[in-house]
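A quick write-up on the structure given underneath.
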Number of protein chains: 2
Amino acid sequence: MLQSLLFVPTLRDIPKDAEVLSHQILLKGGYVRMNAAGIYTYLPLAYRVIKKIENIIREELDAIGCSELLMPALQVKELWMESGRWDVYGKELMRLTDRHDRDFCLGPTHEEVITSIVRDCITSYKKLPLALYQIQTKYRDEFRPRFGLMRAREFIMKDLYTFHASEADLDEWYLKVRGAYINILNRLDLHYRIVGADSGQIGGSSSEEFMILCEIGEDTIAYSDQSEFAINAELKDLPVGSPSPDGKGTIRHAKGIEAGHIFKLGTKYSQAMNALFVDQNQEKKPIIMGCYGIGVSRLLMAIIEQHATDLGLVWPEEVAPFKAHIIPLDKKGSETYQKALDAYNFLKQQGGEVLFDDREERPGVKFADADLIGVRTRIIFGKKVAEGIVEVKDTKENTVKEVAINSLTEVLK
Amino acid sequence: MLQSLLFVPTLRDIPKDAEVLSHQILLKGGYVRMNAAGIYTYLPLAYRVIKKIENIIREELDAIGCSELLMPALQVKELWMESGRWDVYGKELMRLTDRHDRDFCLGPTHEEVITSIVRDCITSYKKLPLALYQIQTKYRDEFRPRFGLMRAREFIMKDLYTFHASEADLDEWYLKVRGAYINILNRLDLHYRIVGADSGQIGGSSSEEFMILCEIGEDTIAYSDQSEFAINAELKDLPVGSPSPDGKGTIRHAKGIEAGHIFKLGTKYSQAMNALFVDQNQEKKPIIMGCYGIGVSRLLMAIIEQHATDLGLVWPEEVAPFKAHIIPLDKKGSETYQKALDAYNFLKQQGGEVLFDDREERPGVKFADADLIGVRTRIIFGKKVAEGIVEVKDTKENTVKEVAINSLTEVLK
């Protein structure tokens, strides 16, 4: 990709309204622009990362047998009356009427819609289980949107719904999804803990949250730095730095970001909405459900919080917008520039996801922008190009080595 | 993919409210479900096809130097007041107020938002041209939604906006995008014609429509069956079957589907919204713009219209939901079923996109559903499995050949 066409409107100063580091980097690095309070445009650099996050989620959910669909954002009032949530949900539910004065809401979540679809199609235990998910733009009219993408009014979510003929089958799928979530967060190179949680407005019998450990967020969580997943509610009363009761590690605190939430819904929606199936004994029963969310746009912020550097950030390998960033230190027309452009075209032809800084800017500006773009491997075409040599910087390890131009394909592997 | 988990709720009867063939197949084949008038859920089979259509669009636009971003669906009234469209657009614009009584609309198109973003970031000719697109859910409150996805109220569109310092540069990009559109429609295996068109509510100086040739749709177009792209307005008065004036082919008529529309906008929005740049002579001028749409969900219907068969349909290669469909004719536990399952797992491991009919259904039901699922290559595990032989049916050519089970990887190539 030519950087001039990518549209990365970086800023020199930190915007005053951005309180937290990741939000500052998002604005300064030309990743997002605010259109109204809590409503953002994802500019090309951010959207490349978001698509990669989405594909990791798809891969892990598809691997356990989930199917992707897409439900509408516009939902009819009648379905929300059936579940009882129309009156309960309050002002966070964005409501509108169409030209024929029919009431709709913009979906913050899709239990009603998916339950109505499944009840019309599934009548027998023979068609269960089912696991259906979507990655979609959702709406929640927050009273006070803040922290950039953390508490936005229009945001991207993955929501998965599972349907079962027995509690045992729900339990099995719940664990499968939990495993997929662990894989997803590990691939995103995020540090997190799984916390037992309230079910909030979604309802249901039991649920867990995947909390990303960082200084921002809206909950303080206490955890042992050596424990793998679980959080012990009892840790909350122990002072930071004291030994964990299990003898493994010490107690830490963090203001965590909720990146995922998994629920055993049970029959809350299927009972209210009459989603029934006939079991092996020809008995009619409500379908047993689970639901599982991931805040996709929120993950973008969580990754930045954990991967920020003094100068900008370095994206984790699997979601980096590019695999390498080529920077020529001389102007268009020079041999240095031409050699860099040739290398870019060659690597692109090989299928490499490479960004080429073709702009007429000083090296200082190019490097400052590159720090915000956050590609780990930076290939600098400078003084030694005449000798066939370039500098390859690993911005994560902060190391530089000299590499022959004709062996650059090795660098991308 | 296991067919039992894919969720393809096929219907035995043609739904009465579906007037056109493609809409009937969409409902009968378990591709979509209507949630309200003009508002649909794309079930997993349809969404697989849609994602492939989207990726073809991405590949062709990225190849000419466009960058993808994602703008919000919620747009503030103030921007639409600047362009003057808030009062002009009428009831098709879905409007709502947030909890603080601020006015918003749900975007049917994004000229205002993209112009506001670009004007805040681009001040000099040095930063032009730019070509920014999104693939997004859009809203239009049609008075009478009909023909399924053809005239829906919530639909998926690709919209591209280009920004230029000169008319000549707009002309150049317009042709590049036109070329990309031709590539896209060819890869989708669609027959179409390019027609000079009105610019409608978008505005601008000149525009062309990409019309898919079929019996449904809302415009009658007259074309010569041998001409490549252009439609001659004068052909309209010539009788069907008469020779075309250029001597190449005969005149035909069709009720076409508008799948794409490309516009030279000029300075309509940049002037109204004060999106200015400084040119090489330090003069301030409004940015010159183009805009280019593709109806993604509409393309799904257009493809079905052109690829329907007597029994269902056969998807074009590049957008088929799967590369092969494995159907065992015997039940779970039988050798036939087990051999089919082994072949499925093997092909999947090789990276093949394969659908496996693991359902407890009679062969007649399996075949009827397979005709609606529309995968061209069908691998049938039947009586000769004990001899290591299966039937491979090419449903497009309607031919069947016997193939050794251990050479099935060849079939997928």
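Residues are referred to by chain and number: the chain letter is A, B, ... according to the order shown in the structure tokens, the number counts from 1 in that chain, and ligands are numbered separately from 1 in the order shown.
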Inset, instruction - Please return as a VMD selection string: the residues of region 32-88 of chain B that backbone DSSP assigns to helix (DSSP H, G or I). - result: chain B and resid 44 to 63 77 to 83 85 to 88
Inset, instruction - Give me the residues within 8 Å of region 177-194 of chain B as a list in words, counting only C-alpha atoms and dropping any in the same chain fewer than 3 places off. - result: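 Residues near the query, excluding close chain neighbours: Ile53, Ile56, Ile57, Glu60, Leu61, Ile64, Trp173, Tyr174, Glu208, Glu209, Phe210, Met211, Ile212, Leu213, Tyr223, Glu228, Phe229, Ala230, Ile231, Gly260, Ile262, Tyr292, Ala302, Ile303, Gln306, Pro316, Glu318 and Val319 of chain B.
Distance-wise, CA of Gly388 (chain B) and CA of Asn345 (chain B) end up 16.6 Å apart.
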Inset, instruction - Find, counting only C-alpha atoms, the residue in B:Ala46, B:Val20, B:Leu74, B:Ala368 that gets nearest to His110 (chain B). - result: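 Between B:Ala46, B:Val20, B:Leu74, B:Ala368, the residue approaching His110 (chain B) most closely is B:Leu74.
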Legend entry - Ile373 (chain A) surroundings by only C-alpha atoms, 9 Å radius, close-in-sequence under 5 positions cut, as a list in words: Val8, Gly29, Gly30, Tyr31, Leu45, Gly312, Leu313, Val314, Trp315, Pro321 and Ala368 of chain A
Legend entry - Closest of A:Ile326, A:Leu130, A:Leu21, A:Leu412 to Gly65 (chain A) - atom-to-atom distances counting only C-alpha atoms: A:Leu130
Counting only C-alpha atoms, which residues in chain B sit no more than 7 Å from chain A? For each one, give the nearest pair of atoms and the distance in Å, sorted by chain then residue number, as a Markdown table.
```
| residue | atom | partner | partner_atom | distance |
| --- | --- | --- | --- | --- |
| B:Ser4 | CA | A:Lys127 | CA | 6.9 |
| B:Leu5 | CA | A:Leu130 | CA | 5.8 |
| B:Leu6 | CA | A:Ser67 | CA | 5.7 |
| B:Pro9 | CA | A:Cys121 | CA | 6.1 |
| B:Ile39 | CA | A:Pro72 | CA | 6.6 |
| B:Tyr40 | CA | A:Pro72 | CA | 6.2 |
| B:Thr41 | CA | A:Met71 | CA | 4.4 |
| B:Tyr42 | CA | A:Leu70 | CA | 5.1 |
| B:Leu43 | CA | A:Leu69 | CA | 4.9 |
| B:Pro44 | CA | A:Leu69 | CA | 4.6 |
| B:Tyr47 | CA | A:Leu69 | CA | 5.6 |
| B:Gly65 | CA | A:Leu5 | CA | 6.6 |
| B:Ser67 | CA | A:Leu6 | CA | 5.7 |
| B:Glu68 | CA | A:Pro44 | CA | 5.3 |
| B:Leu69 | CA | A:Pro44 | CA | 4.6 |
| B:Leu70 | CA | A:Tyr42 | CA | 5.1 |
| B:Met71 | CA | A:Thr41 | CA | 4.4 |
| B:Pro72 | CA | A:Thr41 | CA | 5.9 |
| B:Lys91 | CA | A:Arg99 | CA | 6.3 |
| B:Met94 | CA | A:Asp98 | CA | 6.8 |
| B:Leu96 | CA | A:Leu96 | CA | 5.4 |
| B:Asp98 | CA | A:Met94 | CA | 6.8 |
| B:Arg99 | CA | A:Lys91 | CA | 6.3 |
| B:Cys121 | CA | A:Pro9 | CA | 6.1 |
| B:Lys127 | CA | A:Ser4 | CA | 6.9 |
| B:Leu130 | CA | A:Leu5 | CA | 5.8 |
| B:Asp141 | CA | A:Arg99 | CA | 6.9 |
```
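Counting from CA of Lys236 (chain A), the distance to CA of Thr220 (chain A) is 9.0 Å.
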